[in-house]
>>> print(open('protein16.txt').read())   # compact mmCIF, N, CA and C atoms
# COMPACT_ATOMS: atom_id res chain seq x y z
N MET A 1 13.81 -11.17 1.49
CA MET A 1 12.69 -10.25 1.41
C MET A 1 13.00 -9.02 2.26
N ALA A 2 12.60 -7.87 1.78
CA ALA A 2 12.82 -6.62 2.49
C ALA A 2 11.92 -6.54 3.72
N ARG A 3 12.41 -5.86 4.73
CA ARG A 3 11.62 -5.67 5.94
C ARG A 3 10.64 -4.52 5.71
N LEU A 4 9.38 -4.78 6.01
CA LEU A 4 8.34 -3.77 5.79
C LEU A 4 8.27 -2.77 6.94
N PRO A 5 8.10 -1.50 6.63
CA PRO A 5 7.79 -0.53 7.69
C PRO A 5 6.44 -0.89 8.34
N LYS A 6 6.28 -0.50 9.59
CA LYS A 6 5.08 -0.87 10.35
C LYS A 6 3.78 -0.49 9.66
N GLU A 7 3.71 0.73 9.14
CA GLU A 7 2.46 1.21 8.54
C GLU A 7 2.10 0.41 7.30
N ILE A 8 3.11 0.07 6.50
CA ILE A 8 2.86 -0.69 5.27
C ILE A 8 2.50 -2.13 5.61
N ALA A 9 3.13 -2.70 6.62
CA ALA A 9 2.81 -4.07 7.03
C ALA A 9 1.37 -4.17 7.53
N LYS A 10 0.93 -3.16 8.27
CA LYS A 10 -0.45 -3.15 8.77
C LYS A 10 -1.44 -3.06 7.60
N ALA A 11 -1.15 -2.18 6.63
CA ALA A 11 -2.01 -2.04 5.46
C ALA A 11 -2.01 -3.33 4.63
N ALA A 12 -0.86 -3.99 4.53
CA ALA A 12 -0.77 -5.25 3.77
C ALA A 12 -1.62 -6.34 4.42
N LYS A 13 -1.63 -6.38 5.73
CA LYS A 13 -2.44 -7.38 6.45
C LYS A 13 -3.93 -7.14 6.21
N ILE A 14 -4.36 -5.88 6.28
CA ILE A 14 -5.77 -5.53 6.05
C ILE A 14 -6.15 -5.82 4.60
N ALA A 15 -5.27 -5.45 3.66
CA ALA A 15 -5.56 -5.67 2.24
C ALA A 15 -5.64 -7.16 1.93
N GLY A 16 -4.75 -7.95 2.48
CA GLY A 16 -4.77 -9.40 2.26
C GLY A 16 -6.06 -10.03 2.77
N ALA A 17 -6.55 -9.56 3.91
CA ALA A 17 -7.80 -10.08 4.46
C ALA A 17 -8.99 -9.68 3.60
N ALA A 18 -8.86 -8.58 2.84
CA ALA A 18 -9.96 -8.11 1.99
C ALA A 18 -9.90 -8.71 0.59
N GLY A 19 -8.96 -9.62 0.36
CA GLY A 19 -8.87 -10.27 -0.94
C GLY A 19 -7.92 -9.63 -1.91
N TRP A 20 -7.15 -8.65 -1.46
CA TRP A 20 -6.17 -8.01 -2.32
C TRP A 20 -4.91 -8.87 -2.37
N ARG A 21 -4.14 -8.72 -3.44
CA ARG A 21 -2.85 -9.38 -3.55
C ARG A 21 -1.77 -8.33 -3.30
N VAL A 22 -0.81 -8.68 -2.45
CA VAL A 22 0.27 -7.75 -2.11
C VAL A 22 1.60 -8.38 -2.52
N ASP A 23 2.32 -7.69 -3.40
CA ASP A 23 3.65 -8.14 -3.82
C ASP A 23 4.69 -7.24 -3.18
N ILE A 24 5.63 -7.86 -2.47
CA ILE A 24 6.73 -7.12 -1.85
C ILE A 24 7.93 -7.29 -2.77
N ARG A 25 8.45 -6.18 -3.22
CA ARG A 25 9.62 -6.20 -4.09
C ARG A 25 10.71 -5.37 -3.45
N GLN A 26 11.85 -5.31 -4.09
CA GLN A 26 12.99 -4.60 -3.52
C GLN A 26 12.68 -3.11 -3.38
N GLY A 27 12.44 -2.68 -2.16
CA GLY A 27 12.22 -1.27 -1.88
C GLY A 27 10.81 -0.76 -2.07
N LYS A 28 9.87 -1.63 -2.45
CA LYS A 28 8.50 -1.16 -2.65
C LYS A 28 7.52 -2.30 -2.46
N ALA A 29 6.25 -1.93 -2.32
CA ALA A 29 5.17 -2.89 -2.21
C ALA A 29 4.10 -2.51 -3.23
N LEU A 30 3.55 -3.51 -3.89
CA LEU A 30 2.47 -3.30 -4.86
C LEU A 30 1.21 -3.94 -4.29
N PHE A 31 0.14 -3.16 -4.22
CA PHE A 31 -1.15 -3.62 -3.72
C PHE A 31 -2.09 -3.74 -4.92
N PHE A 32 -2.49 -4.97 -5.25
CA PHE A 32 -3.39 -5.21 -6.36
C PHE A 32 -4.81 -5.42 -5.84
N PRO A 33 -5.76 -4.57 -6.24
CA PRO A 33 -7.13 -4.68 -5.75
C PRO A 33 -7.80 -5.97 -6.21
N ALA A 34 -8.80 -6.39 -5.45
CA ALA A 34 -9.59 -7.56 -5.85
C ALA A 34 -10.37 -7.25 -7.13
N ASP A 35 -10.74 -5.99 -7.32
CA ASP A 35 -11.41 -5.54 -8.54
C ASP A 35 -10.35 -5.38 -9.63
N LYS A 36 -10.37 -6.26 -10.63
CA LYS A 36 -9.33 -6.29 -11.65
C LYS A 36 -9.38 -5.10 -12.61
N THR A 37 -10.44 -4.29 -12.55
CA THR A 37 -10.53 -3.13 -13.44
C THR A 37 -9.68 -1.96 -12.94
N LYS A 38 -9.21 -2.05 -11.70
CA LYS A 38 -8.40 -0.98 -11.12
C LYS A 38 -6.94 -1.40 -11.10
N GLY A 39 -6.07 -0.44 -11.28
CA GLY A 39 -4.64 -0.71 -11.30
C GLY A 39 -4.07 -0.85 -9.90
N PRO A 40 -2.80 -1.26 -9.80
CA PRO A 40 -2.18 -1.44 -8.49
C PRO A 40 -1.84 -0.11 -7.82
N VAL A 41 -1.72 -0.17 -6.51
CA VAL A 41 -1.27 0.97 -5.72
C VAL A 41 0.15 0.64 -5.28
N THR A 42 1.08 1.53 -5.57
CA THR A 42 2.49 1.31 -5.26
C THR A 42 2.92 2.22 -4.12
N VAL A 43 3.70 1.67 -3.20
CA VAL A 43 4.27 2.47 -2.12
C VAL A 43 5.73 2.07 -1.97
N HIS A 44 6.60 3.08 -1.82
CA HIS A 44 8.02 2.85 -1.64
C HIS A 44 8.35 2.90 -0.15
N PHE A 45 9.33 2.13 0.24
CA PHE A 45 9.68 2.04 1.66
C PHE A 45 10.45 3.25 2.17
N THR A 46 11.00 4.05 1.29
CA THR A 46 11.88 5.14 1.72
C THR A 46 11.31 6.51 1.40
N GLU A 47 10.03 6.68 1.53
CA GLU A 47 9.41 7.98 1.28
C GLU A 47 9.91 8.99 2.31
N SER A 48 10.28 10.17 1.82
CA SER A 48 10.79 11.20 2.73
C SER A 48 9.74 12.29 3.00
N ASP A 49 8.68 12.31 2.23
CA ASP A 49 7.63 13.31 2.40
C ASP A 49 6.83 12.99 3.67
N TRP A 50 6.55 13.97 4.46
CA TRP A 50 5.83 13.73 5.72
C TRP A 50 4.38 13.31 5.48
N ARG A 51 3.84 13.57 4.30
CA ARG A 51 2.47 13.17 3.98
C ARG A 51 2.40 11.85 3.21
N ALA A 52 3.51 11.20 3.00
CA ALA A 52 3.55 10.01 2.15
C ALA A 52 2.60 8.92 2.66
N HIS A 53 2.57 8.69 3.96
CA HIS A 53 1.70 7.63 4.50
C HIS A 53 0.23 7.99 4.31
N ARG A 54 -0.13 9.23 4.57
CA ARG A 54 -1.52 9.64 4.39
C ARG A 54 -1.94 9.55 2.93
N ASN A 55 -1.05 9.93 2.03
CA ASN A 55 -1.34 9.82 0.60
C ASN A 55 -1.51 8.36 0.18
N PHE A 56 -0.69 7.48 0.72
CA PHE A 56 -0.77 6.05 0.44
C PHE A 56 -2.12 5.49 0.89
N ILE A 57 -2.55 5.84 2.09
CA ILE A 57 -3.85 5.38 2.61
C ILE A 57 -4.97 5.93 1.73
N ALA A 58 -4.86 7.17 1.28
CA ALA A 58 -5.88 7.76 0.40
C ALA A 58 -5.95 7.02 -0.93
N HIS A 59 -4.81 6.62 -1.47
CA HIS A 59 -4.80 5.85 -2.72
C HIS A 59 -5.48 4.50 -2.53
N LEU A 60 -5.22 3.85 -1.39
CA LEU A 60 -5.87 2.57 -1.12
C LEU A 60 -7.39 2.73 -1.02
N ARG A 61 -7.83 3.79 -0.36
CA ARG A 61 -9.27 4.04 -0.23
C ARG A 61 -9.90 4.31 -1.58
N ARG A 62 -9.23 5.08 -2.43
CA ARG A 62 -9.76 5.36 -3.77
C ARG A 62 -9.84 4.09 -4.61
N ALA A 63 -8.95 3.15 -4.34
CA ALA A 63 -8.96 1.89 -5.09
C ALA A 63 -9.99 0.90 -4.53
N GLY A 64 -10.64 1.25 -3.41
CA GLY A 64 -11.73 0.42 -2.91
C GLY A 64 -11.48 -0.32 -1.62
N LEU A 65 -10.35 -0.09 -0.95
CA LEU A 65 -10.07 -0.77 0.31
C LEU A 65 -10.62 0.04 1.47
N ASN A 66 -11.39 -0.60 2.33
CA ASN A 66 -11.90 0.06 3.54
C ASN A 66 -10.85 -0.05 4.63
N ILE A 67 -10.11 1.02 4.80
CA ILE A 67 -9.02 1.01 5.78
C ILE A 67 -9.17 2.21 6.71
>>> encode(input="protein16.txt", output="structure tokens")
Amino acid sequence: MARLPKEIAKAAKIAGAAGWRVDIRQGKALFFPADKTKGPVTVHFTESDWRAHRNFIAHLRRAGLNI
């Protein structure tokens, strides 16, 4: 299994406690909301954009996670 960056690991722990399913794959993580009508949120481990983490958190919030 790939080693998770700190920010993604923290979000995965919060999402798991909220009933979300988190799949860790090679180079990325998929966050599946508890609400099945919404699609997964994908984050890659090697984002080079300085806003990538903030955008990822915004996607999780739009999908219904209180983070």
>>> select_by_dssp(input="protein16.txt", residues="chain A", states="helix (DSSP H, G or I)", output="ChimeraX atom specification")
/A:6-17,52-62
>>> residues_near_point(input="protein16.txt", point="(-0.7, 1.5, 2.4)", cutoff="6.5 Å", atoms="all atoms listed in the file", output="list of chain:residue names")
A:Glu7, A:Ile8, A:Ala11, A:Ala12, A:Phe56, A:Ile57, A:Leu60
>>> atom_distance(input="protein16.txt", atom1="atom C of Val41 in chain A", atom2="atom C of Ala29 in chain A")
5.5 Å
>>> closest_residue(input="protein16.txt", among="A:Arg54, A:Ile24, A:Ile67, A:Phe45", to="Lys6 in chain A", atoms="only C-alpha atoms")
A:Phe45
>>> closest_residue(input="protein16.txt", among="A:Val43, A:Leu4, A:Ala52, A:Ala34", to="Trp20 in chain A", atoms="all atoms listed in the file")
A:Ala34
>>> residues_around(input="protein16.txt", residues="Thr42 in chain A", least_positions_apart="2", cutoff="9 Å", atoms="only C-alpha atoms", output="PDB file with N, CA and C atoms, in the coordinates of the input")
ATOM      1  N   LYS A  28       9.870  -1.630  -2.450  1.00  0.00           N
ATOM      2  CA  LYS A  28       8.500  -1.160  -2.650  1.00  0.00           C
ATOM      3  C   LYS A  28       7.520  -2.300  -2.460  1.00  0.00           C
ATOM      4  N   ALA A  29       6.250  -1.930  -2.320  1.00  0.00           N
ATOM      5  CA  ALA A  29       5.170  -2.890  -2.210  1.00  0.00           C
ATOM      6  C   ALA A  29       4.100  -2.510  -3.230  1.00  0.00           C
ATOM      7  N   LEU A  30       3.550  -3.510  -3.890  1.00  0.00           N
ATOM      8  CA  LEU A  30       2.470  -3.300  -4.860  1.00  0.00           C
ATOM      9  C   LEU A  30       1.210  -3.940  -4.290  1.00  0.00           C
ATOM     10  N   PHE A  31       0.140  -3.160  -4.220  1.00  0.00           N
ATOM     11  CA  PHE A  31      -1.150  -3.620  -3.720  1.00  0.00           C
ATOM     12  C   PHE A  31      -2.090  -3.740  -4.920  1.00  0.00           C
ATOM     13  N   PHE A  32      -2.490  -4.970  -5.250  1.00  0.00           N
ATOM     14  CA  PHE A  32      -3.390  -5.210  -6.360  1.00  0.00           C
ATOM     15  C   PHE A  32      -4.810  -5.420  -5.840  1.00  0.00           C
ATOM     16  N   PRO A  40      -2.800  -1.260  -9.800  1.00  0.00           N
ATOM     17  CA  PRO A  40      -2.180  -1.440  -8.490  1.00  0.00           C
ATOM     18  C   PRO A  40      -1.840  -0.110  -7.820  1.00  0.00           C
ATOM     19  N   HIS A  44       6.600   3.080  -1.820  1.00  0.00           N
ATOM     20  CA  HIS A  44       8.020   2.850  -1.640  1.00  0.00           C
ATOM     21  C   HIS A  44       8.350   2.900  -0.150  1.00  0.00           C
ATOM     22  N   PHE A  56      -0.690   7.480   0.720  1.00  0.00           N
ATOM     23  CA  PHE A  56      -0.770   6.050   0.440  1.00  0.00           C
ATOM     24  C   PHE A  56      -2.120   5.490   0.890  1.00  0.00           C
ATOM     25  N   HIS A  59      -4.810   6.620  -1.470  1.00  0.00           N
ATOM     26  CA  HIS A  59      -4.800   5.850  -2.720  1.00  0.00           C
ATOM     27  C   HIS A  59      -5.480   4.500  -2.530  1.00  0.00           C
TER      28      HIS A  59
END
>>> select_by_dssp(input="protein16.txt", residues="chain A", states="strand (DSSP E or B)", output="list in words")
Arg21, Val22, Asp23, Ile24, Arg25, Lys28, Ala29, Leu30, Phe31, Phe32, Val41, Thr42, Val43 and His44 of chain A
>>> build_atoms(input="protein16.txt", residues="range 11-30 of chain A", atoms="N, CA, C and O atoms", output="PDB file, in the coordinates of the input")
ATOM      1  N   ALA A  11      -1.150  -2.180   6.630  1.00  0.00           N
ATOM      2  CA  ALA A  11      -2.010  -2.040   5.460  1.00  0.00           C
ATOM      3  C   ALA A  11      -2.010  -3.330   4.630  1.00  0.00           C
ATOM      4  O   ALA A  11      -3.050  -3.730   4.101  1.00  0.00           O
ATOM      5  N   ALA A  12      -0.860  -3.990   4.530  1.00  0.00           N
ATOM      6  CA  ALA A  12      -0.770  -5.250   3.770  1.00  0.00           C
ATOM      7  C   ALA A  12      -1.620  -6.340   4.420  1.00  0.00           C
ATOM      8  O   ALA A  12      -2.271  -7.120   3.720  1.00  0.00           O
ATOM      9  N   LYS A  13      -1.630  -6.380   5.730  1.00  0.00           N
ATOM     10  CA  LYS A  13      -2.440  -7.380   6.450  1.00  0.00           C
ATOM     11  C   LYS A  13      -3.930  -7.140   6.210  1.00  0.00           C
ATOM     12  O   LYS A  13      -4.691  -8.072   5.939  1.00  0.00           O
ATOM     13  N   ILE A  14      -4.360  -5.880   6.280  1.00  0.00           N
ATOM     14  CA  ILE A  14      -5.770  -5.530   6.050  1.00  0.00           C
ATOM     15  C   ILE A  14      -6.150  -5.820   4.600  1.00  0.00           C
ATOM     16  O   ILE A  14      -7.215  -6.375   4.322  1.00  0.00           O
ATOM     17  N   ALA A  15      -5.270  -5.450   3.660  1.00  0.00           N
ATOM     18  CA  ALA A  15      -5.560  -5.670   2.240  1.00  0.00           C
ATOM     19  C   ALA A  15      -5.640  -7.160   1.930  1.00  0.00           C
ATOM     20  O   ALA A  15      -6.519  -7.597   1.174  1.00  0.00           O
ATOM     21  N   GLY A  16      -4.750  -7.950   2.480  1.00  0.00           N
ATOM     22  CA  GLY A  16      -4.770  -9.400   2.260  1.00  0.00           C
ATOM     23  C   GLY A  16      -6.060 -10.030   2.770  1.00  0.00           C
ATOM     24  O   GLY A  16      -6.627 -10.922   2.127  1.00  0.00           O
ATOM     25  N   ALA A  17      -6.550  -9.560   3.910  1.00  0.00           N
ATOM     26  CA  ALA A  17      -7.800 -10.080   4.460  1.00  0.00           C
ATOM     27  C   ALA A  17      -8.990  -9.680   3.600  1.00  0.00           C
ATOM     28  O   ALA A  17     -10.015 -10.374   3.601  1.00  0.00           O
ATOM     29  N   ALA A  18      -8.860  -8.580   2.840  1.00  0.00           N
ATOM     30  CA  ALA A  18      -9.960  -8.110   1.990  1.00  0.00           C
ATOM     31  C   ALA A  18      -9.900  -8.710   0.590  1.00  0.00           C
ATOM     32  O   ALA A  18     -10.670  -8.313  -0.280  1.00  0.00           O
ATOM     33  N   GLY A  19      -8.960  -9.620   0.360  1.00  0.00           N
ATOM     34  CA  GLY A  19      -8.870 -10.270  -0.940  1.00  0.00           C
ATOM     35  C   GLY A  19      -7.920  -9.630  -1.910  1.00  0.00           C
ATOM     36  O   GLY A  19      -7.865 -10.001  -3.087  1.00  0.00           O
ATOM     37  N   TRP A  20      -7.150  -8.650  -1.460  1.00  0.00           N
ATOM     38  CA  TRP A  20      -6.170  -8.010  -2.320  1.00  0.00           C
ATOM     39  C   TRP A  20      -4.910  -8.870  -2.370  1.00  0.00           C
ATOM     40  O   TRP A  20      -4.613  -9.638  -1.454  1.00  0.00           O
ATOM     41  N   ARG A  21      -4.140  -8.720  -3.440  1.00  0.00           N
ATOM     42  CA  ARG A  21      -2.850  -9.380  -3.550  1.00  0.00           C
ATOM     43  C   ARG A  21      -1.770  -8.330  -3.300  1.00  0.00           C
ATOM     44  O   ARG A  21      -1.809  -7.233  -3.843  1.00  0.00           O
ATOM     45  N   VAL A  22      -0.810  -8.680  -2.450  1.00  0.00           N
ATOM     46  CA  VAL A  22       0.270  -7.750  -2.110  1.00  0.00           C
ATOM     47  C   VAL A  22       1.600  -8.380  -2.520  1.00  0.00           C
ATOM     48  O   VAL A  22       1.926  -9.471  -2.087  1.00  0.00           O
ATOM     49  N   ASP A  23       2.320  -7.690  -3.400  1.00  0.00           N
ATOM     50  CA  ASP A  23       3.650  -8.140  -3.820  1.00  0.00           C
ATOM     51  C   ASP A  23       4.690  -7.240  -3.180  1.00  0.00           C
ATOM     52  O   ASP A  23       4.650  -6.015  -3.350  1.00  0.00           O
ATOM     53  N   ILE A  24       5.630  -7.860  -2.470  1.00  0.00           N
ATOM     54  CA  ILE A  24       6.730  -7.120  -1.850  1.00  0.00           C
ATOM     55  C   ILE A  24       7.930  -7.290  -2.770  1.00  0.00           C
ATOM     56  O   ILE A  24       8.352  -8.402  -3.054  1.00  0.00           O
ATOM     57  N   ARG A  25       8.450  -6.180  -3.220  1.00  0.00           N
ATOM     58  CA  ARG A  25       9.620  -6.200  -4.090  1.00  0.00           C
ATOM     59  C   ARG A  25      10.710  -5.370  -3.450  1.00  0.00           C
ATOM     60  O   ARG A  25      10.513  -4.795  -2.385  1.00  0.00           O
ATOM     61  N   GLN A  26      11.850  -5.310  -4.090  1.00  0.00           N
ATOM     62  CA  GLN A  26      12.990  -4.600  -3.520  1.00  0.00           C
ATOM     63  C   GLN A  26      12.680  -3.110  -3.380  1.00  0.00           C
ATOM     64  O   GLN A  26      12.605  -2.377  -4.349  1.00  0.00           O
ATOM     65  N   GLY A  27      12.440  -2.680  -2.160  1.00  0.00           N
ATOM     66  CA  GLY A  27      12.220  -1.270  -1.880  1.00  0.00           C
ATOM     67  C   GLY A  27      10.810  -0.760  -2.070  1.00  0.00           C
ATOM     68  O   GLY A  27      10.560   0.417  -1.889  1.00  0.00           O
ATOM     69  N   LYS A  28       9.870  -1.630  -2.450  1.00  0.00           N
ATOM     70  CA  LYS A  28       8.500  -1.160  -2.650  1.00  0.00           C
ATOM     71  C   LYS A  28       7.520  -2.300  -2.460  1.00  0.00           C
ATOM     72  O   LYS A  28       7.887  -3.461  -2.441  1.00  0.00           O
ATOM     73  N   ALA A  29       6.250  -1.930  -2.320  1.00  0.00           N
ATOM     74  CA  ALA A  29       5.170  -2.890  -2.210  1.00  0.00           C
ATOM     75  C   ALA A  29       4.100  -2.510  -3.230  1.00  0.00           C
ATOM     76  O   ALA A  29       3.797  -1.331  -3.412  1.00  0.00           O
ATOM     77  N   LEU A  30       3.550  -3.510  -3.890  1.00  0.00           N
ATOM     78  CA  LEU A  30       2.470  -3.300  -4.860  1.00  0.00           C
ATOM     79  C   LEU A  30       1.210  -3.940  -4.290  1.00  0.00           C
ATOM     80  O   LEU A  30       1.204  -5.114  -3.938  1.00  0.00           O
TER      81      LEU A  30
END
